[in-house]
Each structure stands twice: as structure tokens, then as C-alpha cells.
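K.L.:
So I've got this file, protein.cif, and it contains mmCIF, C-alpha atoms and all ligand atoms:
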data_coords
#
loop_
_atom_site.group_PDB
_atom_site.id
_atom_site.type_symbol
_atom_site.label_atom_id
_atom_site.label_comp_id
_atom_site.auth_asym_id
_atom_site.auth_seq_id
_atom_site.Cartn_x
_atom_site.Cartn_y
_atom_site.Cartn_z
ATOM 1 C CA MET A 1 87.297 120.786 81.680
ATOM 2 C CA LYS A 2 89.754 117.935 81.702
ATOM 3 C CA LEU A 3 91.594 119.539 78.779
ATOM 4 C CA ASN A 4 91.946 122.828 80.711
ATOM 5 C CA VAL A 5 93.429 121.101 83.716
ATOM 6 C CA LYS A 6 95.973 119.343 81.541
ATOM 7 C CA THR A 7 96.855 122.535 79.644
ATOM 8 C CA ALA A 8 97.372 124.322 82.958
ATOM 9 C CA ALA A 9 99.666 121.522 84.106
ATOM 10 C CA LEU A 10 101.718 121.851 80.935
ATOM 11 C CA ALA A 11 102.005 125.614 81.413
ATOM 12 C CA ALA A 12 103.182 125.068 84.987
ATOM 13 C CA PHE A 13 105.867 122.666 83.761
ATOM 14 C CA ALA A 14 106.944 125.154 81.103
ATOM 15 C CA ALA A 15 107.187 127.974 83.668
ATOM 16 C CA THR A 16 109.311 125.748 85.909
ATOM 17 C CA SER A 17 111.722 124.962 83.119
ATOM 18 C CA ILE A 18 112.111 128.624 82.164
ATOM 19 C CA ASN A 19 112.669 129.862 85.723
ATOM 20 C CA GLY A 20 114.440 126.882 87.278
ATOM 21 C CA SER A 21 118.125 126.849 86.408
ATOM 22 C CA ALA A 22 118.377 123.168 87.346
ATOM 23 C CA LEU A 23 116.084 122.370 84.439
ATOM 24 C CA ALA A 24 117.873 124.679 81.998
ATOM 25 C CA ALA A 25 119.204 121.774 79.922
ATOM 26 C CA GLY A 26 115.755 120.124 79.787
ATOM 27 C CA PRO A 27 115.014 116.450 80.262
ATOM 28 C CA GLU A 28 116.736 114.078 77.900
ATOM 29 C CA VAL A 29 115.041 111.715 75.481
ATOM 30 C CA THR A 30 117.144 108.727 74.446
ATOM 31 C CA THR A 31 116.020 107.579 71.031
ATOM 32 C CA GLN A 32 117.213 104.250 69.674
ATOM 33 C CA LYS A 33 116.466 102.785 66.262
ATOM 34 C CA LEU A 34 115.414 99.152 66.763
ATOM 35 C CA ALA A 35 114.435 98.305 63.199
ATOM 36 C CA GLU A 36 113.347 100.050 59.998
ATOM 37 C CA ASN A 37 110.614 102.547 61.043
ATOM 38 C CA VAL A 38 110.737 101.356 64.667
ATOM 39 C CA TYR A 39 112.274 103.290 67.546
ATOM 40 C CA SER A 40 112.313 103.364 71.329
ATOM 41 C CA MET A 41 112.179 106.696 73.175
ATOM 42 C CA ASP A 42 113.277 106.582 76.788
ATOM 43 C CA ALA A 43 112.540 109.661 78.881
ATOM 44 C CA LEU A 44 111.556 110.469 82.448
ATOM 45 C CA HIS A 45 111.432 106.827 83.605
ATOM 46 C CA TYR A 46 109.266 105.584 80.740
ATOM 47 C CA ASN A 47 110.328 103.899 77.500
ATOM 48 C CA SER A 48 107.878 104.238 74.608
ATOM 49 C CA LEU A 49 107.786 102.265 71.382
ATOM 50 C CA VAL A 50 107.476 104.482 68.301
ATOM 51 C CA VAL A 51 106.406 102.970 64.965
ATOM 52 C CA ILE A 52 106.418 105.179 61.880
ATOM 53 C CA GLY A 53 103.700 103.985 59.531
ATOM 54 C CA GLU A 54 102.654 104.996 56.032
ATOM 55 C CA ASP A 55 100.133 107.598 57.196
ATOM 56 C CA GLY A 56 100.907 108.188 60.850
ATOM 57 C CA VAL A 57 102.889 107.217 63.907
ATOM 58 C CA LEU A 58 101.986 104.730 66.640
ATOM 59 C CA ILE A 59 103.315 105.236 70.163
ATOM 60 C CA THR A 60 102.877 103.432 73.475
ATOM 61 C CA ASP A 61 102.294 104.936 76.947
ATOM 62 C CA PRO A 62 102.865 108.703 76.696
ATOM 63 C CA ALA A 63 102.642 108.719 80.526
ATOM 64 C CA ASN A 64 101.790 112.384 81.168
ATOM 65 C CA PRO A 65 101.290 115.652 79.252
ATOM 66 C CA PHE A 66 104.819 116.929 79.819
ATOM 67 C CA ARG A 67 106.465 113.725 78.624
ATOM 68 C CA ALA A 68 103.999 113.519 75.713
ATOM 69 C CA GLY A 69 105.242 116.968 74.631
ATOM 70 C CA LEU A 70 108.840 115.705 74.709
ATOM 71 C CA LEU A 71 107.894 112.686 72.589
ATOM 72 C CA LYS A 72 106.123 114.935 70.103
ATOM 73 C CA GLU A 73 109.262 117.064 69.636
ATOM 74 C CA GLU A 74 111.462 114.007 69.294
ATOM 75 C CA ILE A 75 109.154 112.306 66.782
ATOM 76 C CA ALA A 76 109.131 115.497 64.680
ATOM 77 C CA LYS A 77 112.890 114.997 64.220
ATOM 78 C CA LEU A 78 112.168 111.646 62.530
ATOM 79 C CA THR A 79 109.045 112.328 60.467
ATOM 80 C CA ASP A 80 106.463 114.936 59.522
ATOM 81 C CA LEU A 81 103.682 112.413 60.053
ATOM 82 C CA PRO A 82 101.369 112.980 63.032
ATOM 83 C CA VAL A 83 100.887 110.528 65.882
ATOM 84 C CA SER A 84 97.769 108.649 64.785
ATOM 85 C CA ARG A 85 97.560 105.859 67.376
ATOM 86 C CA ILE A 86 98.362 105.747 71.080
ATOM 87 C CA VAL A 87 98.456 102.224 72.520
ATOM 88 C CA MET A 88 98.000 101.806 76.263
ATOM 89 C CA THR A 89 100.006 98.857 77.621
ATOM 90 C CA HIS A 90 97.648 98.730 80.649
ATOM 91 C CA GLU A 91 95.365 100.957 82.679
ATOM 92 C CA HIS A 92 97.676 102.198 85.447
ATOM 93 C CA TYR A 93 97.251 105.928 85.590
ATOM 94 C CA ASP A 94 100.931 106.910 85.504
ATOM 95 C CA HIS A 95 101.149 105.413 81.977
ATOM 96 C CA VAL A 96 98.053 106.839 80.321
ATOM 97 C CA GLY A 97 98.174 110.642 80.498
ATOM 98 C CA GLY A 98 99.131 113.107 77.790
ATOM 99 C CA THR A 99 96.856 111.923 74.997
ATOM 100 C CA ASP A 100 95.538 115.499 74.514
ATOM 101 C CA VAL A 101 98.971 116.438 73.175
ATOM 102 C CA PHE A 102 98.051 114.340 70.116
ATOM 103 C CA PRO A 103 94.455 115.496 69.507
ATOM 104 C CA ASN A 104 93.907 113.531 66.285
ATOM 105 C CA ALA A 105 95.277 110.220 67.522
ATOM 106 C CA ASP A 106 93.107 107.192 68.226
ATOM 107 C CA VAL A 107 93.555 105.889 71.762
ATOM 108 C CA VAL A 108 93.769 102.087 71.695
ATOM 109 C CA ALA A 109 93.357 99.905 74.788
ATOM 110 C CA GLN A 110 92.209 96.501 75.982
ATOM 111 C CA GLU A 111 88.466 96.685 76.719
ATOM 112 C CA ASN A 112 88.828 96.342 80.526
ATOM 113 C CA PHE A 113 90.375 99.832 80.459
ATOM 114 C CA GLU A 114 86.843 101.207 80.035
ATOM 115 C CA MET A 115 85.931 100.176 83.607
ATOM 116 C CA PHE A 116 88.248 102.827 85.015
ATOM 117 C CA MET A 117 86.926 105.802 83.024
ATOM 118 C CA ASP A 118 84.523 106.837 85.830
ATOM 119 C CA LYS A 119 87.049 106.138 88.605
ATOM 120 C CA ASP A 120 89.543 108.868 87.843
ATOM 121 C CA PRO A 121 89.057 111.929 90.101
ATOM 122 C CA LEU A 122 92.292 113.603 88.898
ATOM 123 C CA GLY A 123 91.391 113.317 85.225
ATOM 124 C CA MET A 124 94.549 111.385 84.352
ATOM 125 C CA LEU A 125 92.892 108.980 81.911
ATOM 126 C CA PRO A 126 92.178 109.884 78.283
ATOM 127 C CA ASP A 127 88.772 111.501 77.676
ATOM 128 C CA GLN A 128 87.748 108.564 75.532
ATOM 129 C CA LEU A 129 88.934 105.317 74.020
ATOM 130 C CA ASP A 130 88.664 105.132 70.243
ATOM 131 C CA VAL A 131 89.554 101.476 69.692
ATOM 132 C CA THR A 132 89.225 98.605 72.150
ATOM 133 C CA PHE A 133 89.834 94.890 71.805
ATOM 134 C CA LYS A 134 89.184 91.790 73.899
ATOM 135 C CA ASP A 135 91.828 89.134 73.172
ATOM 136 C CA ALA A 136 93.819 90.381 70.194
ATOM 137 C CA LEU A 137 94.070 93.210 67.694
ATOM 138 C CA SER A 138 96.396 93.462 64.720
ATOM 139 C CA ILE A 139 97.229 96.973 63.503
ATOM 140 C CA ASN A 140 98.690 97.302 60.016
ATOM 141 C CA MET A 141 100.779 100.481 59.943
ATOM 142 C CA GLY A 142 101.563 100.014 56.231
ATOM 143 C CA THR A 143 105.247 99.687 57.036
ATOM 144 C CA THR A 144 104.853 96.963 59.644
ATOM 145 C CA ILE A 145 102.366 95.021 61.752
ATOM 146 C CA VAL A 146 101.711 95.806 65.423
ATOM 147 C CA ASP A 147 99.868 93.051 67.292
ATOM 148 C CA LEU A 148 98.177 93.656 70.651
ATOM 149 C CA LEU A 149 97.504 90.613 72.819
ATOM 150 C CA HIS A 150 95.598 90.161 76.074
ATOM 151 C CA PHE A 151 96.359 87.144 78.254
ATOM 152 C CA GLY A 152 94.344 88.065 81.362
ATOM 153 C CA PRO A 153 95.233 89.904 84.578
ATOM 154 C CA ALA A 154 98.880 90.595 85.345
ATOM 155 C CA ASP A 155 100.073 94.082 86.343
ATOM 156 C CA GLY A 156 96.524 95.423 86.012
ATOM 157 C CA ILE A 157 93.536 93.932 84.215
ATOM 158 C CA ALA A 158 93.631 95.767 80.874
ATOM 159 C CA ILE A 159 96.959 94.395 79.681
ATOM 160 C CA ALA A 160 97.945 94.806 76.037
ATOM 161 C CA VAL A 161 101.201 93.030 75.230
ATOM 162 C CA VAL A 162 102.566 94.840 72.169
ATOM 163 C CA HIS A 163 104.271 92.562 69.643
ATOM 164 C CA LEU A 164 105.981 93.348 66.352
ATOM 165 C CA PRO A 165 106.332 89.865 64.880
ATOM 166 C CA GLU A 166 108.442 90.898 61.861
ATOM 167 C CA GLU A 167 110.955 92.820 63.975
ATOM 168 C CA GLY A 168 110.898 90.495 66.992
ATOM 169 C CA ILE A 169 110.031 93.265 69.441
ATOM 170 C CA VAL A 170 107.752 93.037 72.458
ATOM 171 C CA VAL A 171 106.587 95.692 74.933
ATOM 172 C CA THR A 172 105.273 94.908 78.414
ATOM 173 C CA SER A 173 104.811 97.038 81.498
ATOM 174 C CA ASP A 174 105.653 96.488 85.144
ATOM 175 C CA MET A 175 105.953 92.674 85.016
ATOM 176 C CA TYR A 176 109.744 92.612 85.447
ATOM 177 C CA ALA A 177 112.700 94.955 85.713
ATOM 178 C CA PRO A 178 116.299 94.315 84.583
ATOM 179 C CA LYS A 179 118.300 92.848 87.492
ATOM 180 C CA ALA A 180 115.754 94.196 89.948
ATOM 181 C CA LEU A 181 112.698 93.180 91.894
ATOM 182 C CA THR A 182 109.746 95.477 91.348
ATOM 183 C CA ARG A 183 109.483 97.610 94.487
ATOM 184 C CA GLY A 184 107.042 96.015 96.905
ATOM 185 C CA LEU A 185 105.048 99.229 96.995
ATOM 186 C CA PHE A 186 104.164 98.830 93.324
ATOM 187 C CA LEU A 187 102.867 95.276 93.609
ATOM 188 C CA THR A 188 99.501 96.305 95.028
ATOM 189 C CA ASP A 189 97.715 95.828 91.719
ATOM 190 C CA SER A 190 99.791 93.008 90.276
ATOM 191 C CA ASN A 191 98.660 89.400 89.925
ATOM 192 C CA VAL A 192 102.111 87.824 89.935
ATOM 193 C CA LEU A 193 100.754 84.497 88.661
ATOM 194 C CA GLY A 194 99.553 86.454 85.619
ATOM 195 C CA ASN A 195 102.993 88.079 85.269
ATOM 196 C CA ARG A 196 104.547 84.606 85.474
ATOM 197 C CA GLN A 197 102.232 83.186 82.823
ATOM 198 C CA ILE A 198 102.875 86.013 80.361
ATOM 199 C CA LEU A 199 106.638 86.149 80.899
ATOM 200 C CA ASN A 200 106.955 82.384 80.438
ATOM 201 C CA GLU A 201 104.982 82.632 77.202
ATOM 202 C CA LEU A 202 107.062 85.553 75.871
ATOM 203 C CA ALA A 203 110.312 83.835 76.872
ATOM 204 C CA THR A 204 109.565 81.210 74.184
ATOM 205 C CA TRP A 205 109.142 83.814 71.425
ATOM 206 C CA ASP A 206 111.795 84.719 68.877
ATOM 207 C CA LEU A 207 112.688 88.239 70.018
ATOM 208 C CA ASN A 208 115.422 90.782 69.378
ATOM 209 C CA TYR A 209 114.246 93.408 71.874
ATOM 210 C CA ALA A 210 112.023 93.300 74.954
ATOM 211 C CA ILE A 211 110.924 96.687 76.270
ATOM 212 C CA THR A 212 109.714 96.914 79.846
ATOM 213 C CA THR A 213 108.311 100.385 80.206
ATOM 214 C CA HIS A 214 110.384 101.751 83.095
ATOM 215 C CA SER A 215 113.802 100.821 81.703
ATOM 216 C CA GLY A 216 116.034 101.828 78.818
ATOM 217 C CA GLU A 217 117.559 98.337 78.823
ATOM 218 C CA MET A 218 115.856 96.237 76.182
ATOM 219 C CA GLY A 219 117.794 92.963 76.208
ATOM 220 C CA VAL A 220 115.617 89.871 75.906
ATOM 221 C CA GLU A 221 117.713 88.220 78.645
ATOM 222 C CA HIS A 222 116.046 90.508 81.190
ATOM 223 C CA LEU A 223 112.605 89.227 80.214
ATOM 224 C CA VAL A 224 113.854 85.636 80.457
ATOM 225 C CA GLU A 225 115.339 86.350 83.902
ATOM 226 C CA GLY A 226 112.048 87.939 84.938
ATOM 227 C CA ALA A 227 110.259 84.727 83.963
ATOM 228 C CA GLU A 228 112.828 82.670 85.909
ATOM 229 C CA PHE A 229 112.394 84.857 88.975
ATOM 230 C CA HIS A 230 108.626 84.306 88.913
ATOM 231 C CA ASN A 231 109.142 80.547 88.482
ATOM 232 C CA ASP A 232 111.593 80.428 91.398
ATOM 233 C CA LEU A 233 109.161 82.446 93.504
ATOM 234 C CA TYR A 234 106.326 80.050 92.667
ATOM 235 C CA ASP A 235 108.465 76.990 93.388
ATOM 236 C CA ALA A 236 109.542 78.473 96.728
ATOM 237 C CA VAL A 237 106.002 78.936 98.031
ATOM 238 C CA TYR A 238 103.791 76.360 96.312
ATOM 239 C CA PRO A 239 104.788 73.138 98.179
ATOM 240 C CA THR A 240 104.113 74.680 101.612
ATOM 241 C CA ILE A 241 100.847 76.254 100.469
ATOM 242 C CA GLU A 242 99.678 72.997 98.912
ATOM 243 C CA GLN A 243 100.457 71.097 102.118
ATOM 244 C CA VAL A 244 98.612 73.614 104.322
ATOM 245 C CA TYR A 245 95.655 73.570 101.927
ATOM 246 C CA GLN A 246 95.420 69.770 102.280
ATOM 247 C CA GLU A 247 95.847 69.708 106.045
ATOM 248 C CA ASN A 248 94.265 72.927 107.317
ATOM 249 C CA PRO A 249 92.769 75.340 104.751
ATOM 250 C CA ALA A 250 91.904 77.786 107.553
ATOM 251 C CA GLY A 251 95.637 78.266 108.095
ATOM 252 C CA LEU A 252 96.376 79.531 104.581
ATOM 253 C CA VAL A 253 96.508 83.256 105.369
ATOM 254 C CA THR A 254 98.863 82.694 108.295
ATOM 255 C CA ALA A 255 101.009 80.383 106.170
ATOM 256 C CA VAL A 256 101.345 82.978 103.409
ATOM 257 C CA ILE A 257 102.286 85.709 105.897
ATOM 258 C CA GLU A 258 104.905 83.430 107.486
ATOM 259 C CA LEU A 259 106.350 82.478 104.096
ATOM 260 C CA GLY A 260 106.930 86.200 103.541
ATOM 261 C CA GLU A 261 109.302 86.089 106.517
ATOM 262 C CA THR A 262 111.056 82.796 105.845
ATOM 263 C CA VAL A 263 111.516 82.372 102.082
ATOM 264 C CA LYS A 264 114.886 83.522 100.754
ATOM 265 C CA LEU A 265 116.104 83.380 97.158
ATOM 266 C CA PRO A 266 119.882 83.939 97.408
ATOM 267 C CA LYS A 267 120.215 83.736 93.623
ATOM 268 C CA TYR A 268 118.657 87.218 93.473
ATOM 269 C CA GLU A 269 120.507 88.815 96.403
ATOM 270 C CA SER A 270 122.442 91.103 94.081
ATOM 271 C CA TRP A 271 119.289 92.424 92.420
ATOM 272 C CA GLU A 272 118.027 95.871 93.307
ATOM 273 C CA ASN A 273 115.155 95.877 95.836
ATOM 274 C CA TYR A 274 115.934 92.333 97.016
ATOM 275 C CA LYS A 275 114.891 93.606 100.442
ATOM 276 C CA ASP A 276 111.306 93.606 99.099
ATOM 277 C CA LEU A 277 111.388 89.833 98.416
ATOM 278 C CA GLY A 278 108.978 89.172 101.295
ATOM 279 C CA GLU A 279 106.316 91.275 99.580
ATOM 280 C CA HIS A 280 106.774 89.297 96.355
ATOM 281 C CA VAL A 281 106.480 86.045 98.314
ATOM 282 C CA ARG A 282 103.233 87.162 99.946
ATOM 283 C CA LYS A 283 101.890 88.442 96.617
ATOM 284 C CA MET A 284 102.593 85.046 95.035
ATOM 285 C CA GLY A 285 101.069 83.290 98.039
ATOM 286 C CA PHE A 286 97.883 85.319 97.825
ATOM 287 C CA ALA A 287 97.702 84.984 94.035
ATOM 288 C CA ILE A 288 97.693 81.183 94.571
ATOM 289 C CA THR A 289 95.316 81.111 97.552
ATOM 290 C CA HIS A 290 93.113 84.124 96.904
ATOM 291 C CA GLY A 291 93.315 85.158 93.229
ATOM 292 C CA GLY A 292 92.734 88.848 92.581
HETATM 293 ZN ZN ZN A 301 101.502 99.199 86.227
#
Just dump the structure as C-alpha cells.
Ligand SMILES: [Zn+2]

P.N.:
Amino acid sequence: MKLNVKTAALAAFAATSINGSALAAGPEVTTQKLAENVYSMDALHYNSLVVIGEDGVLITDPANPFRAGLLKEEIAKLTDLPVSRIVMTHEHYDHVGGTDVFPNADVVAQENFEMFMDKDPLGMLPDQLDVTFKDALSINMGTTIVDLLHFGPADGIAIAVVHLPEEGIVVTSDMYAPKALTRGLFLTDSNVLGNRQILNELATWDLNYAITTHSGEMGVEHLVEGAEFHNDLYDAVYPTIEQVYQENPAGLVTAVIELGETVKLPKYESWENYKDLGEHVRKMGFAITHGG
């Protein structure tokens, strides 16, 4: 049933591209070689890691059936090997579709992903998970090692940070964006204290590339700046929150809402979506006072 829906969606996309002159050139995939057997493929607002192993190919976040089809074509230009593993960076539904395009691949995710399998009315999630892990999983592709690490909630609760230790490459999703604040709208399911913790940890690693899924820019400096932004955000709200907590805990919600109006971080004024700073401030305030 789910397969039929997805096939129909693919057919609809195909029909659009044949009939619609605007789509005549087709969407572009930007492929970049990052290291021996390791590539990034940036297309339709998602950047996937592609690792060519001895017996198969590992990819991250196909996103949706149409984009998965594009990846499949692009990978075929590099190797005859099939996609054998699809790693989900987290459970958010816009990242996880399209696994049916690679019918023989194992879907790999952090174990919390499982909780969402019966909460998916549109059928966007994969039909099943083939491999899950709790804290860490190391995948030997024959050509290189791909480590998956879970540090707790951040942007979602089934986070798998993807790390290639030999190549110095890391993949995260939705925790930072190059020279931009994440749009406030997309913070609904983000624990920004978790983002801060992970980004500060990764900022100490020896890295050559840092992929954040929605950007083609892979400079490690963007990850470091993302960590700094979260630290500055924390430092801007914590003293007030701590004081209110000591003096009048019942006033915490009001204090957090007010901080959303008053805190400014001029250092980031030039960043895209700076107008959404208030939502980041409130998110940080509630992460500190409320968890979630
Ligand atoms: Zn997300």
C-alpha cells in the first residue's frame, strides 16, 4: 500500500517534468569528491553523504522518492555497486522518504526512530528499519569506516551524528546553518541545549568537512560558528533565568517570553533569519526551564 502511494508520487513527478517546460532541464545534483570513495551530493535543498564501499554504497537522508531517484542516477555515474545502506540522520519526516527506490538497502537509524513508525499518516517513513543502535554503531564499508553516534535529543530525538574518522568528515542535520539562524518555524522540535552540546563537542574534533543537511557549504568554520551562536544564546539568557528561578520560580514562563523580546545579539545581525532571534531565545529559555 505504502509502496503504491510512493510509486504514484514518482509517476506524478515524472509527468510534471515531461509536460512542464520549466522543468525541462531537470533538477541539478552537485556532486563533490571529499575523499577517496567519499562524495557529497547536494540536490533539492538536501546534501547527502555518499560512501562507496567494497560491496555497496552508503548514503544519508534520501529525503523523498523523487530526490532518491536523482541520487540513484548520480551514484550510477560513479559505481555499478548498489546502495546497500541508508543512514537516517534523524527522524524528521522530510529527511526519511525515498527508501523504496533502493529496495535492497538496509535502513539504519537510531533506535528512537522506531517510536514514530505508527505516527505517520502520510506514509513518509520507511516501511521498516533494518538496523538500529542506541549510543554508537561503527559500519565498516571495506574502504572506510562510518561511525554513527547518538548524544541525546537535539533536532529530534533519534539523532545519528555521522562521522568518518579517517577522512575527518561529519554529517549533522538542522542544528546549524552557514551564516544563518534556523528559521523560527523549524525550531518546534529542536532542543537547542542538545544542539549546543553536540556542536560544542564536534567543534573540538579534527575535521576537514562538516555537512549540515540543508546546505552545500561544508566548511568546518560554519559548524564552529553554529556552536558559538548557541553559546552566545545560552549566555544571553541564563543569568536572568537563574536569577528568576532563585527569586520567583513561578515567574519563569513570563521571564522567558520577555527575554524573547529584549535579547539582541548584534554579532549575528548580518546572518539570514536574524529576525527570528526571539524564537531562538525563547527556545533556549524553555530548554533550560522546561526541557523537552
Ligand atoms: Zn530536522

K.L.:
Could you please determine the separation between atom CA of A:Val161 and atom CA of A:Leu122 in Å, to one decimal place?

P.N.:
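Going from atom CA of A:Val161 over to atom CA of A:Leu122, I get 26.3 Å.
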
K.L.:
From the set A:Asn47, A:Gln197, A:Asn273, A:Thr213, which residue has the shortest atom-to-atom contact distance to A:His230, counting all atoms listed in the file?

P.N.:
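Distance minimum relative to A:His230 lands on A:Gln197.
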
K.L.:
So that I can check the surroundings of A:Asp118, please list as a PDB file with C-alpha atoms, keeping the file's coordinate frame every protein, DNA and RNA residue that reaches within 12 Å of it, counting all atoms listed in the file and ignoring chain neighbours fewer than 6 positions away.

P.N.:
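Just written: part_31.pdb:
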ATOM      1  CA  MET A 124      94.549 111.385  84.352  1.00  0.00           C
ATOM      2  CA  LEU A 125      92.892 108.980  81.911  1.00  0.00           C
ATOM      3  CA  PRO A 126      92.178 109.884  78.283  1.00  0.00           C
ATOM      4  CA  ASP A 127      88.772 111.501  77.676  1.00  0.00           C
ATOM      5  CA  GLN A 128      87.748 108.564  75.532  1.00  0.00           C
TER       6      GLN A 128
END

K.L.:
If the PyMOL selection byres (((not hetatm)) within 9 of (chain A and resi 301)) were run on this exact file, what residues would it hold? Put them as a list in words.

P.N.:
Thr89, His90, Glu91, His92, Tyr93, Asp94, His95, Asp155, Gly156, Ser173, Asp174, Met175, Phe186, Leu187, Asp189 and Ser190 of chain A

K.L.:
Please indicate the distance in Å from atom CA of A:Val281 to atom CA of A:Thr182, rounded to one decimal place.

P.N.:
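Between atom CA of A:Val281 and atom CA of A:Thr182 the gap works out to 12.2 Å.
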
K.L.:
Using only C-alpha atoms, what residues lie at most 10 Å away from (116.1, 84.4, 92.7) (file coordinates), given as a list of chain:residue names?

P.N.:
A:Leu181, A:Glu225, A:Gly226, A:Glu228, A:Phe229, A:His230, A:Asn231, A:Asp232, A:Leu233, A:Ala236, A:Lys264, A:Leu265, A:Pro266, A:Lys267, A:Tyr268, A:Glu269, A:Ser270, A:Trp271, A:Tyr274, A:Leu277

K.L.:
Interatomic distance between atom CA of A:Glu166 and atom CA of A:Glu28?

P.N.:
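It comes out at 29.4 Å.
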
K.L.:
Counting all atoms listed in the file, which of A:Ala160, A:Leu193, A:Met218, A:Ile198 gets nearest to A:Tyr39?

P.N.:
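Once distances to A:Tyr39 are computed over all atoms listed in the file, the minimum belongs to A:Met218.
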
K.L.:
Which residues are close to stretch 287-291 of chain A, i.e. within 8 Å by all atoms listed in the file, leaving aside same-chain residues fewer than 4 positions away? Reply as a list of chain:residue names.

P.N.:
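Within the cut-off, the hits are A:Asn191, A:Val192, A:Leu193, A:Tyr238, A:Ile241, A:Leu252, A:Lys283.
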
K.L.:
Write out as number ranges by chain the residues lying within 12 Å of A:Leu78, counting all atoms listed in the file and excluding same-chain residues fewer than 3 positions away.

P.N.:
A: 31-33, 36-39, 41, 50-53, 56-57, 71-75, 81-83

K.L.:
Hey, what's within 12 Å of A:Asn140 if we count all atoms listed in the file and toss same-chain stuff fewer than 2 positions away? As a list in words, please?

P.N.:
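In the requested format, the answer is Val51, Ile52, Gly53, Glu54, Asp55, Gly56, Val57, Leu58, Arg85, Leu137, Ser138, Gly142, Thr143, Thr144, Ile145, Val146, Asp147, Leu148, Leu164, Pro165 and Glu166 of chain A.
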
K.L.:
Return as number ranges by chain the set of residues that the PyMOL selection byres (((chain A and resi 101-116) around 7) and not hetatm) yields on the displayed structure.

P.N.:
A: 65, 68-69, 83-88, 91, 98-100, 117-120, 129-134, 157-160

K.L.:
Neighbouring residues of stretch 205-211 of chain A were defined as those with any atom within 6 Å, considering all atoms listed in the file; residues of the same chain fewer than 4 positions away were excluded. Please report them as a PDB file with C-alpha atoms, in the frame of the given file.

P.N.:
ATOM      1  CA  GLY A 168     110.898  90.495  66.992  1.00  0.00           C
ATOM      2  CA  ILE A 169     110.031  93.265  69.441  1.00  0.00           C
ATOM      3  CA  VAL A 170     107.752  93.037  72.458  1.00  0.00           C
ATOM      4  CA  VAL A 171     106.587  95.692  74.933  1.00  0.00           C
ATOM      5  CA  MET A 218     115.856  96.237  76.182  1.00  0.00           C
ATOM      6  CA  GLY A 219     117.794  92.963  76.208  1.00  0.00           C
ATOM      7  CA  VAL A 220     115.617  89.871  75.906  1.00  0.00           C
TER       8      VAL A 220
END
